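Peer 1: Input structure: query38.txt, which contains compact mmCIF, C-alpha atoms.
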# COMPACT_ATOMS: atom_id res chain seq x y z
CA MET A 144 70.56 -47.55 -52.40
CA ALA A 145 73.77 -49.44 -53.05
CA GLY A 146 75.92 -49.87 -49.98
CA GLN A 147 73.05 -50.09 -47.48
CA HIS A 148 73.07 -53.88 -47.26
CA LEU A 149 71.17 -55.38 -44.35
CA VAL A 150 72.81 -57.50 -41.70
CA LEU A 151 70.86 -60.78 -41.64
CA SER A 152 70.56 -63.10 -38.66
CA PRO A 153 70.80 -66.81 -39.57
CA GLN A 154 68.13 -67.97 -37.13
CA TRP A 155 65.41 -65.82 -38.72
CA SER A 156 62.80 -67.38 -40.96
CA THR A 157 61.71 -65.94 -44.29
CA ALA A 158 58.31 -64.38 -45.08
CA SER A 159 56.09 -63.30 -42.24
CA LEU A 160 57.58 -59.95 -41.22
CA ASN A 161 57.54 -58.65 -44.80
CA THR A 162 53.86 -59.53 -45.09
CA PHE A 163 53.12 -58.13 -41.63
CA SER A 164 54.88 -54.85 -42.42
CA ASP A 165 53.13 -54.57 -45.79
CA THR A 166 49.77 -55.04 -44.06
CA LEU A 167 50.42 -52.27 -41.54
CA PHE A 168 52.42 -49.83 -43.64
CA GLY A 169 51.28 -50.54 -47.18
CA HIS A 170 49.31 -47.28 -47.07
CA LEU A 171 52.50 -45.22 -46.99
CA PRO A 172 52.70 -43.37 -50.32
CA ARG A 173 56.42 -43.85 -51.00
CA ALA A 174 58.43 -47.03 -51.41
CA ASP A 175 61.29 -45.65 -49.31
CA GLN A 176 58.88 -45.03 -46.38
CA ARG A 177 57.58 -48.59 -46.59
CA ARG A 178 61.13 -49.98 -46.63
CA TRP A 179 62.20 -47.90 -43.66
CA ALA A 180 59.11 -49.04 -41.74
CA LEU A 181 60.23 -52.62 -42.33
CA GLY A 182 63.79 -51.67 -41.39
CA TYR A 183 62.72 -50.02 -38.13
CA LEU A 184 60.64 -53.08 -37.25
CA ARG A 185 63.60 -55.35 -37.98
CA GLY A 186 65.85 -53.17 -35.86
CA LEU A 187 63.47 -53.25 -32.89
CA LEU A 188 63.27 -57.05 -33.12
CA ALA A 189 66.97 -57.68 -33.72
CA THR A 190 68.77 -55.14 -31.53
CA PRO A 191 69.54 -56.25 -27.96
CA GLY A 192 69.59 -53.73 -25.15
CA LYS A 193 69.05 -50.02 -25.79
CA LYS A 194 67.39 -49.41 -29.14
CA SER A 195 68.78 -46.03 -30.11
CA ILE A 196 68.46 -44.92 -33.72
CA ARG A 197 72.17 -45.52 -34.22
CA ARG A 198 72.01 -49.08 -32.86
CA LEU A 199 68.87 -49.89 -34.85
CA ALA A 200 70.55 -48.67 -38.03
CA ALA A 201 73.67 -50.74 -37.32
CA ALA A 202 71.51 -53.85 -36.88
CA ILE A 203 69.89 -53.52 -40.31
CA SER A 204 72.42 -51.78 -42.54
CA ALA A 205 76.15 -51.27 -43.02
CA SER A 206 75.64 -47.81 -44.50
CA PRO A 207 76.95 -44.82 -42.48
CA THR A 208 73.85 -42.83 -43.53
CA ALA A 209 71.28 -45.39 -42.34
CA SER A 210 70.89 -43.79 -38.90
CA GLN A 211 70.17 -40.39 -40.46
CA SER A 212 67.54 -41.93 -42.73
CA LEU A 213 65.88 -43.78 -39.85
CA GLN A 214 65.84 -40.57 -37.83
CA GLN A 215 64.16 -38.74 -40.70
CA PHE A 216 61.61 -41.51 -41.17
CA ILE A 217 60.57 -41.45 -37.52
CA ASN A 218 60.75 -37.75 -36.73
CA THR A 219 60.22 -35.71 -39.88
CA SER A 220 58.63 -37.92 -42.55
CA PRO A 221 54.93 -36.90 -42.74
CA TRP A 222 53.20 -40.26 -42.60
CA ASP A 223 49.87 -41.03 -40.98
CA TRP A 224 50.02 -43.55 -38.12
CA GLU A 225 46.25 -44.06 -37.81
CA PRO A 226 45.87 -46.47 -40.77
CA ALA A 227 48.73 -48.58 -39.39
CA ARG A 228 47.02 -48.80 -36.00
CA GLU A 229 43.73 -49.67 -37.66
CA GLU A 230 45.39 -52.54 -39.52
CA LEU A 231 47.18 -53.62 -36.34
CA THR A 232 43.82 -53.82 -34.57
CA ARG A 233 42.43 -55.97 -37.39
CA VAL A 234 45.43 -58.27 -37.32
CA VAL A 235 45.12 -58.80 -33.56
CA GLN A 236 41.37 -59.30 -33.75
CA GLY A 237 41.82 -61.81 -36.58
CA ARG A 238 44.42 -63.90 -34.75
CA THR A 239 43.13 -63.74 -31.17
CA THR A 240 39.82 -63.67 -29.30
CA PRO A 241 39.85 -60.44 -27.29
CA LEU A 242 38.32 -60.81 -23.84
CA ALA A 243 38.73 -57.18 -22.85
CA LEU A 244 39.82 -53.73 -23.99
CA THR A 245 42.40 -53.00 -21.32
CA VAL A 246 44.03 -49.66 -20.53
CA ALA A 247 47.56 -49.12 -19.19
CA SER A 248 49.88 -46.13 -18.94
CA ALA A 249 53.51 -45.75 -19.96
CA PHE A 250 55.93 -43.18 -18.54
CA LEU A 251 58.93 -42.22 -20.67
CA PRO A 252 61.62 -40.41 -18.63
CA LYS A 253 63.11 -37.41 -20.41
CA ARG A 254 65.81 -34.84 -19.82
CA GLY A 255 65.05 -31.20 -20.40
CA ALA A 256 61.76 -29.49 -21.21
CA HIS A 257 61.49 -29.70 -25.00
CA SER A 258 60.27 -33.25 -25.74
CA CYS A 259 56.60 -33.07 -26.67
CA GLY A 260 54.34 -33.33 -23.62
CA VAL A 261 57.18 -33.62 -21.11
CA HIS A 262 56.16 -32.72 -17.59
CA ARG A 263 57.05 -33.54 -14.00
CA ARG A 264 54.62 -36.24 -12.86
CA PHE A 265 54.26 -38.58 -9.94
CA VAL A 266 54.63 -42.17 -11.18
CA PRO A 267 52.87 -44.56 -8.77
CA ARG A 268 54.91 -47.65 -9.60
CA LEU A 269 58.15 -45.73 -9.01
CA GLY A 270 56.82 -43.93 -5.94
CA ARG A 271 58.40 -40.64 -7.00
CA THR A 272 58.05 -37.65 -9.29
CA ILE A 273 60.03 -37.68 -12.54
CA ASN A 274 60.37 -35.60 -15.69
CA CYS A 275 58.60 -37.66 -18.32
CA GLN A 276 56.10 -38.11 -21.12
CA MET A 277 52.93 -40.05 -20.29
CA GLY A 278 51.25 -42.29 -22.82
CA VAL A 279 47.84 -43.93 -22.42
CA GLY A 280 47.66 -47.26 -24.23
CA LEU A 281 44.78 -49.51 -25.25
CA PHE A 282 45.42 -53.25 -25.33
CA LEU A 283 43.38 -56.12 -26.72
CA SER A 284 43.64 -58.69 -23.93
CA SER A 285 43.07 -62.40 -24.46
CA GLY A 286 44.15 -64.59 -21.58
CA ASP A 287 47.85 -63.99 -20.93
CA MET A 288 48.34 -61.94 -24.11
CA HIS A 289 47.89 -58.16 -24.06
CA LEU A 290 48.59 -56.54 -27.41
CA PRO A 291 48.85 -52.71 -27.76
CA VAL A 292 46.84 -51.27 -30.64
CA ASP A 293 46.53 -47.54 -29.92
CA TRP A 294 48.06 -44.72 -27.85
CA ARG A 295 47.39 -41.18 -26.71
CA LEU A 296 50.02 -38.72 -25.48
CA MET A 297 49.01 -36.74 -22.41
CA LEU A 298 49.62 -33.04 -23.00
CA PRO A 299 49.89 -30.85 -19.88
CA GLU A 300 48.14 -27.48 -20.03
CA ARG A 301 51.31 -25.57 -20.92
CA TRP A 302 51.56 -27.65 -24.10
CA SER A 303 48.03 -26.54 -25.03
CA ASP A 304 48.60 -22.85 -24.46
CA ASN A 305 52.18 -22.20 -25.57
CA ALA A 306 52.19 -21.55 -29.33
CA ASP A 307 56.00 -21.70 -29.55
CA LEU A 308 56.18 -25.11 -27.88
CA ARG A 309 53.40 -26.43 -30.10
CA GLU A 310 55.04 -25.21 -33.29
CA ARG A 311 58.44 -26.66 -32.43
CA ALA A 312 56.92 -30.01 -31.48
CA ARG A 313 54.58 -30.00 -34.52
CA ILE A 314 51.49 -30.55 -32.39
CA PRO A 315 48.29 -30.54 -34.49
CA GLY A 316 45.49 -28.16 -33.56
CA THR A 317 43.22 -31.01 -32.46
CA ALA A 318 45.70 -32.23 -29.82
CA ARG A 319 45.04 -30.37 -26.57
CA HIS A 320 45.26 -30.94 -22.84
CA ARG A 321 42.62 -33.50 -21.84
CA PRO A 322 42.13 -35.42 -18.61
CA TYR A 323 43.03 -39.08 -18.37
CA TRP A 324 39.44 -40.31 -18.49
CA GLU A 325 38.75 -38.42 -21.73
CA HIS A 326 41.74 -40.05 -23.39
CA ILE A 327 40.40 -43.45 -22.36
CA LEU A 328 36.99 -42.71 -23.85
CA ASP A 329 38.63 -41.46 -27.03
CA LEU A 330 40.72 -44.64 -27.33
CA LEU A 331 37.67 -46.84 -26.79
CA ASP A 332 35.62 -44.87 -29.31
CA MET A 333 38.37 -45.20 -31.91
CA VAL A 334 38.99 -48.92 -31.45
CA SER A 335 35.27 -49.71 -31.33
CA SER A 336 34.72 -47.84 -34.60
CA ARG A 337 37.58 -49.76 -36.22
CA ALA A 338 36.66 -53.26 -35.14
CA GLY A 339 33.13 -53.23 -33.72
CA LEU A 340 34.28 -54.29 -30.27
CA THR A 341 31.57 -52.61 -28.16
CA ALA A 342 30.47 -55.99 -26.80
CA VAL A 343 33.97 -56.59 -25.41
CA PRO A 344 34.18 -55.07 -21.90
CA ALA A 345 36.57 -52.25 -21.14
CA VAL A 346 38.81 -52.95 -18.14
CA VAL A 347 40.40 -49.90 -16.51
CA ASP A 348 42.18 -49.26 -13.22
CA MET A 349 40.90 -45.93 -11.86
CA SER A 350 41.57 -46.82 -8.22
CA GLU A 351 43.85 -43.82 -7.75
CA CYS A 352 41.89 -41.40 -9.95
CA PRO A 353 39.29 -39.03 -8.50
CA ASP A 354 37.66 -38.81 -11.96
CA ALA A 355 36.47 -42.43 -11.91
CA THR A 356 32.82 -41.34 -11.85
CA LEU A 357 33.29 -39.33 -15.05
CA LEU A 358 34.73 -42.36 -16.83
CA VAL A 359 31.97 -44.66 -15.56
CA ASN A 360 29.27 -42.22 -16.69
CA GLY A 361 30.94 -41.79 -20.09
CA LEU A 362 31.13 -45.55 -20.62
CA SER A 363 27.50 -45.95 -19.51
CA ARG A 364 26.31 -43.34 -22.01
CA ARG A 365 28.07 -45.24 -24.79
CA GLY A 366 26.54 -48.58 -23.83
CA GLN A 367 30.05 -49.94 -23.32
CA ASN A 368 30.31 -52.84 -20.87
CA PHE A 369 33.08 -52.34 -18.35
CA VAL A 370 34.94 -53.42 -15.24
CA VAL A 371 36.49 -50.35 -13.60
CA ALA A 372 38.59 -50.37 -10.44
CA VAL A 373 37.35 -47.45 -8.36
CA PRO A 374 38.86 -45.40 -5.52
CA PRO A 375 37.62 -45.97 -1.96
CA GLY A 376 36.14 -42.48 -1.86
CA LEU A 377 33.76 -43.05 -4.80
CA ARG A 378 30.16 -42.25 -3.76
CA ILE A 379 27.58 -44.99 -4.32
CA LEU A 380 23.95 -45.67 -3.46
CA PRO A 381 23.47 -49.29 -2.31
CA LEU A 382 20.43 -51.13 -3.67
CA GLY A 383 18.62 -54.18 -2.34
CA PRO A 384 18.05 -54.87 1.37
CA ARG A 385 20.32 -52.04 2.50
CA ALA A 386 19.14 -49.49 -0.06
CA ALA A 387 18.13 -46.01 0.93
CA PRO A 388 14.36 -45.36 0.85
CA ALA A 389 12.99 -44.76 -2.63
CA ASP A 390 12.17 -41.14 -1.86
CA ALA A 391 15.49 -40.33 -0.18
CA GLN A 392 17.73 -37.76 -1.81
CA ASP A 393 20.93 -39.11 -3.33
CA ALA A 394 23.05 -36.94 -1.07
CA GLN A 395 21.41 -38.43 2.02
CA GLY A 396 21.68 -42.06 0.99
CA ALA A 397 25.10 -42.02 -0.66
CA LEU A 398 28.11 -43.64 0.97
CA SER A 399 31.69 -43.88 -0.12
CA VAL A 400 32.78 -47.34 -1.20
CA GLN A 401 35.05 -47.47 1.83
CA GLU A 402 32.19 -46.50 4.19
CA PHE A 403 29.89 -49.09 2.68
CA LEU A 404 32.45 -51.89 2.98
CA HIS A 405 33.32 -50.82 6.53
CA ARG A 406 29.65 -50.99 7.57
CA HIS A 407 28.55 -54.06 5.67
CA GLY A 408 31.63 -55.93 4.50
CA THR A 409 32.33 -58.60 7.10
CA ARG A 410 34.16 -61.81 6.39
CA GLN A 411 30.81 -63.60 6.24
CA THR A 412 29.54 -61.38 3.40
CA TYR A 413 32.47 -62.29 1.14
CA ALA A 414 31.78 -65.49 -0.81
CA THR A 415 34.57 -67.73 -2.04
CA VAL A 416 34.59 -67.73 -5.84
CA HIS A 417 36.93 -69.25 -8.40
CA ALA A 418 38.68 -66.71 -10.61
CA PRO A 419 40.19 -68.29 -13.75
CA GLY A 420 43.94 -68.03 -13.56
CA ARG A 421 43.89 -66.86 -9.94
CA GLY A 422 42.33 -69.72 -7.99
CA ASP A 423 39.89 -69.14 -5.14
CA VAL A 424 39.30 -65.57 -3.96
CA ARG A 425 36.76 -64.08 -1.57
CA MET A 426 34.45 -61.53 -3.21
CA LEU A 427 31.58 -59.35 -2.05
CA SER A 428 29.03 -58.57 -4.76
CA THR A 429 26.10 -56.16 -4.53
CA ARG A 430 24.12 -53.83 -6.77
CA VAL A 431 24.51 -50.07 -6.56
CA ARG A 432 23.98 -46.94 -8.55
CA LEU A 433 25.84 -43.65 -8.68
CA PRO A 434 24.28 -40.44 -7.35
CA GLY A 435 22.46 -38.69 -10.17
CA SER A 436 22.16 -41.84 -12.26
CA ARG A 437 19.38 -44.41 -12.51
CA GLN A 438 21.59 -47.10 -14.05
CA THR A 439 22.28 -50.13 -11.90
CA HIS A 440 25.88 -51.23 -11.57
CA ARG A 441 27.52 -54.11 -9.79
CA LEU A 442 29.98 -53.39 -7.02
CA LEU A 443 32.55 -56.09 -6.33
CA ALA A 444 35.15 -56.02 -3.60
CA GLU A 445 37.92 -58.49 -2.94
CA TRP A 446 38.73 -59.47 0.60
CA ASP A 447 42.43 -60.05 1.14
CA PRO A 448 43.55 -60.52 4.77
CA ALA A 449 47.12 -59.58 3.83
CA ARG A 450 46.07 -56.24 2.31
CA GLN A 451 46.18 -53.12 4.43
CA GLY A 452 43.47 -50.48 4.16
CA ALA A 453 40.30 -50.63 2.09
CA PRO A 454 39.61 -53.72 -0.05
CA ARG A 455 40.03 -53.41 -3.80
CA ALA A 456 36.71 -52.58 -5.42
CA TRP A 457 35.31 -52.51 -8.94
CA LEU A 458 32.16 -51.26 -10.66
CA SER A 459 30.80 -53.26 -13.57
CA THR A 460 27.87 -53.38 -15.97
CA LEU A 461 28.11 -57.19 -16.04
CA LEU A 462 25.18 -57.68 -13.66
CA ASP A 463 24.58 -61.36 -14.36
CA GLU A 464 28.14 -62.55 -14.94
CA ARG A 465 29.80 -64.86 -12.41
CA ALA A 466 31.82 -62.96 -9.83
CA GLY A 467 34.86 -65.11 -10.55
CA ARG A 468 34.86 -64.13 -14.20
CA ILE A 469 34.60 -60.45 -13.32
CA ALA A 470 37.49 -60.87 -10.89
CA ALA A 471 39.54 -62.46 -13.67
CA LEU A 472 38.69 -59.59 -16.03
CA ALA A 473 39.55 -57.02 -13.37
CA HIS A 474 43.05 -58.40 -12.98
CA LEU A 475 43.80 -58.16 -16.69
CA THR A 476 45.07 -54.65 -15.93
CA SER A 477 48.05 -56.29 -14.21
CA GLY A 478 48.85 -58.15 -17.41
CA ALA A 479 48.62 -54.98 -19.48
CA ALA A 480 50.94 -53.19 -17.05
CA ALA A 481 53.39 -56.10 -17.31
CA THR A 482 53.24 -55.78 -21.10
CA VAL A 483 54.26 -52.11 -20.79
CA SER A 484 57.35 -53.35 -18.94
CA ARG A 485 58.05 -55.79 -21.80
CA LEU A 486 57.67 -52.97 -24.30
CA GLU A 487 60.19 -50.96 -22.29
CA GLU A 488 62.73 -53.77 -21.88
CA ASP A 489 62.42 -55.68 -25.16
CA CYS A 490 60.96 -53.33 -27.78
CA GLY A 491 62.54 -49.94 -27.11
CA LEU A 492 59.50 -48.06 -25.84
CA LEU A 493 61.69 -45.79 -23.68
CA ASP A 494 64.32 -45.22 -26.36
CA PHE A 495 62.59 -42.63 -28.55
CA GLU A 496 65.12 -39.86 -29.17
CA GLY A 497 62.97 -37.27 -30.96
CA ARG A 498 60.97 -34.37 -29.58
CA SER A 499 58.03 -34.07 -31.97
CA TYR A 500 54.43 -35.14 -31.55
CA PRO A 501 54.36 -37.07 -34.86
CA GLY A 502 57.69 -38.70 -34.01
CA TRP A 503 56.35 -39.97 -30.67
CA HIS A 504 53.31 -41.51 -32.37
CA HIS A 505 55.43 -43.02 -35.16
CA HIS A 506 57.71 -44.65 -32.59
CA MET A 507 54.88 -45.96 -30.42
CA THR A 508 53.15 -47.42 -33.49
CA LEU A 509 56.26 -49.31 -34.54
CA VAL A 510 57.04 -50.46 -30.99
CA SER A 511 53.49 -51.82 -30.71
CA ALA A 512 53.81 -53.52 -34.08
CA ALA A 513 57.14 -55.12 -33.14
CA TYR A 514 55.77 -56.50 -29.88
CA THR A 515 52.61 -57.79 -31.56
CA TYR A 516 54.63 -59.49 -34.27
CA SER A 517 56.88 -61.14 -31.68
CA ARG A 518 53.84 -62.58 -29.88
CA LEU A 519 51.69 -63.60 -32.82
CA TYR A 520 54.14 -64.73 -35.47
CA SER A 521 57.20 -66.07 -33.70
CA PRO A 522 57.61 -69.88 -33.51
CA ALA A 523 58.88 -69.29 -29.98
CA SER A 524 57.60 -66.24 -28.15
CA THR A 525 61.08 -65.38 -26.87
CA THR A 526 62.66 -65.37 -30.34
CA PRO A 527 60.77 -63.25 -32.86
CA ALA A 528 60.70 -64.66 -36.38
CA ALA A 529 61.76 -62.33 -39.17
CA PRO A 530 62.20 -62.80 -42.90
CA GLU A 531 65.07 -61.93 -45.12
CA ALA A 532 64.85 -58.23 -45.87
CA PRO A 533 65.37 -56.37 -49.14
CA ALA A 534 68.97 -56.26 -50.31
CA SER A 535 69.10 -52.52 -49.80
CA LEU A 536 67.32 -49.66 -48.15
CA PRO A 537 66.71 -46.19 -49.57
CA ARG A 538 68.93 -43.29 -48.61
CA THR A 539 66.18 -40.94 -47.39
CA ALA A 540 62.81 -41.23 -45.68
What is this file in structure tokens?
Peer 2:
Amino acid sequence: MAGQHLVLSPQWSTASLNTFSDTLFGHLPRADQRRWALGYLRGLLATPGKKSIRRLAAAISASPTASQSLQQFINTSPWDWEPAREELTRVVQGRTTPLALTVASAFLPKRGAHSCGVHRRFVPRLGRTINCQMGVGLFLSSGDMHLPVDWRLMLPERWSDNADLRERARIPGTARHRPYWEHILDLLDMVSSRAGLTAVPAVVDMSECPDATLLVNGLSRRGQNFVVAVPPGLRILPLGPRAAPADAQDAQGALSVQEFLHRHGTRQTYATVHAPGRGDVRMLSTRVRLPGSRQTHRLLAEWDPARQGAPRAWLSTLLDERAGRIAALAHLTSGAAATVSRLEEDCGLLDFEGRSYPGWHHHMTLVSAAYTYSRLYSPASTTPAAPEAPASLPRTA
């Protein structure tokens, strides 16, 4: 409407963001929704520091009602985020060569108990327990680029059982409490169905998760190649020269990864391999299976004299791949985690102000789109390119 003129930045170029936004949000049924999607993207790209609704609105419009309209678009406007994520996946796949489907988690600190999915959780990278939302993200990783294309919000059990909480947060009936590994399988199923990426290995860090076996078995049933960091207590059955007798019971022959490496992992058993991007590393590689399964997996462990405790270890279906390549794939999780930090610092991931389930997914979709645009379309990766925007924005979303 008249009076909601956008503030334009002179260093921005003209064309790509409009096209990008139309590709992702062209499915929205109303013109005002499509314009506010573009406006929110512009605000995320243009606003330095904290990206509150008020600051985003000030960056794109001089109207005093712009912040209210942006708030409505994100939190109450009933638009479907799945088609936007599907298009985002296609855009990334069309402009990059994904090497892996990488998983990383995001923790959004919150005050109070009413934001959807909020719960007190221990956050490993902070080393403490905080009140937060936890998102599980799937990234298409290609070299040093890790682009987020889908998210799941972890719902604690009380958010599954409390009808009042669910109604206030507008949680759909299909969204329930599910363990971390199930969310990962759901993300992989969704992205594979969108883009046919089953041949691209999944790379997941489950080194601190006791449910690693459940994820590995779920991936194996799907025929999904993977490289999964596993906890030292994971039970395995070594094959080859040190295998248990063929007629031995699994329970008798099984060892934890830590026990196996303690017994058989000497410095001499670790071969020096070249890992692209990481230089020379020392890796142990052997074939194993999990108790109760007949599928052969590859166990890799990295010897690091500076590391205390058990070596880092991974299970993989890539039986014939070079150990160095698997090591390079395994460490893509570090790049995905670093991208989460970029999303927090540069794209406003932590700045969502609403409480609803749809609002959270709307925000995460637009944050992911903004980051992807900044990496794929900007002439310089540190300065996102953006086109001139429409002369005005609608009053309501």
Peer 1: Report, in Å with one decimal, the straight-line distance from atom CA of A:Ala479 to atom CA of A:Leu251.
Peer 2: 16.4 Å
Peer 1: Which residue, A:Gly280, A:Pro207, A:Pro291, A:Gly182, has the smallest gap to A:Leu231 when you use only C-alpha atoms?
Peer 2: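 Comparing A:Gly280, A:Pro207, A:Pro291, A:Gly182 against A:Leu231, the winner is A:Pro291.
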Peer 1: Need to verify the contact set: A:Met277, 6 Å, only C-alpha atoms, exclusion of same-chain residues closer than 6 positions in sequence. Can you return it as a short mmCIF file (atom, residue, chain, number, x, y, z; two decimals) with C-alpha atoms, in the frame of the given file?
Peer 2:
data_model
loop_
_atom_site.label_atom_id
_atom_site.label_comp_id
_atom_site.auth_asym_id
_atom_site.auth_seq_id
_atom_site.Cartn_x
_atom_site.Cartn_y
_atom_site.Cartn_z
CA ALA A 249 53.51 -45.75 -19.96
CA PHE A 250 55.93 -43.18 -18.54
CA MET A 297 49.01 -36.74 -22.41
#
Peer 1: Determine the nearest neighbour of A:Glu402 from the options A:Pro454, A:His417, A:Met426, A:Ala189, counting all atoms listed in the file.
Peer 2: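 Closest to A:Glu402 of all the choices is A:Pro454.
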Peer 1: Considering only C-alpha atoms, can you say which of A:Tyr323, A:Arg238, A:Asp307, A:Ile273 comes closest to A:Lys253?
Peer 2: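 With only C-alpha atoms as the atom set, the closest residue is A:Ile273.
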Peer 1: For a quick check of understanding, using all atoms listed in the file, which of A:Leu492, A:Ala471, A:Leu357, A:Val347 has the smallest distance to A:Pro434?
Peer 2: A:Leu357
Peer 1: I need the residue nearest A:Ala372 from this list: A:Ser285, A:Leu181, A:His320, A:Leu472. Use only C-alpha atoms for the distance.
Peer 2: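 Among A:Ser285, A:Leu181, A:His320, A:Leu472, it is A:Leu472 that comes nearest to A:Ala372.
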Peer 1: Padding of 6 Å on every side, edges along x, y and z, all listed atoms of stretch 189-204 of chain A included: what centre and edge lengths in Å, to one decimal, does that box have, as AutoDock Vina command-line options?
Peer 2:
--center_x 70.3 --center_y -51.3 --center_z -33.8 --size_x 18.7 --size_y 24.8 --size_z 29.4
Peer 1: At a cut-off of 6 Å, using only C-alpha atoms, what residues contact A:Val279? Leave out same-chain residues fewer than 6 positions from it and give the result as a VMD selection string.
Peer 2: chain A and resid 248 294 to 295
Peer 1: For the residues in that selection, give me C-alpha atoms as a CSV table (one decimal), in the coordinates of the input.
Peer 2:
chain,number,residue,atom,x,y,z
A,248,SER,CA,49.9,-46.1,-18.9
A,294,TRP,CA,48.1,-44.7,-27.8
A,295,ARG,CA,47.4,-41.2,-26.7
Peer 1: Expressed in Å to a single decimal, how great is the separation between atom CA of A:Cys259 and atom CA of A:Leu330?
Peer 2: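 Atom CA of A:Leu330 lies at a distance of 19.7 Å from atom CA of A:Cys259.
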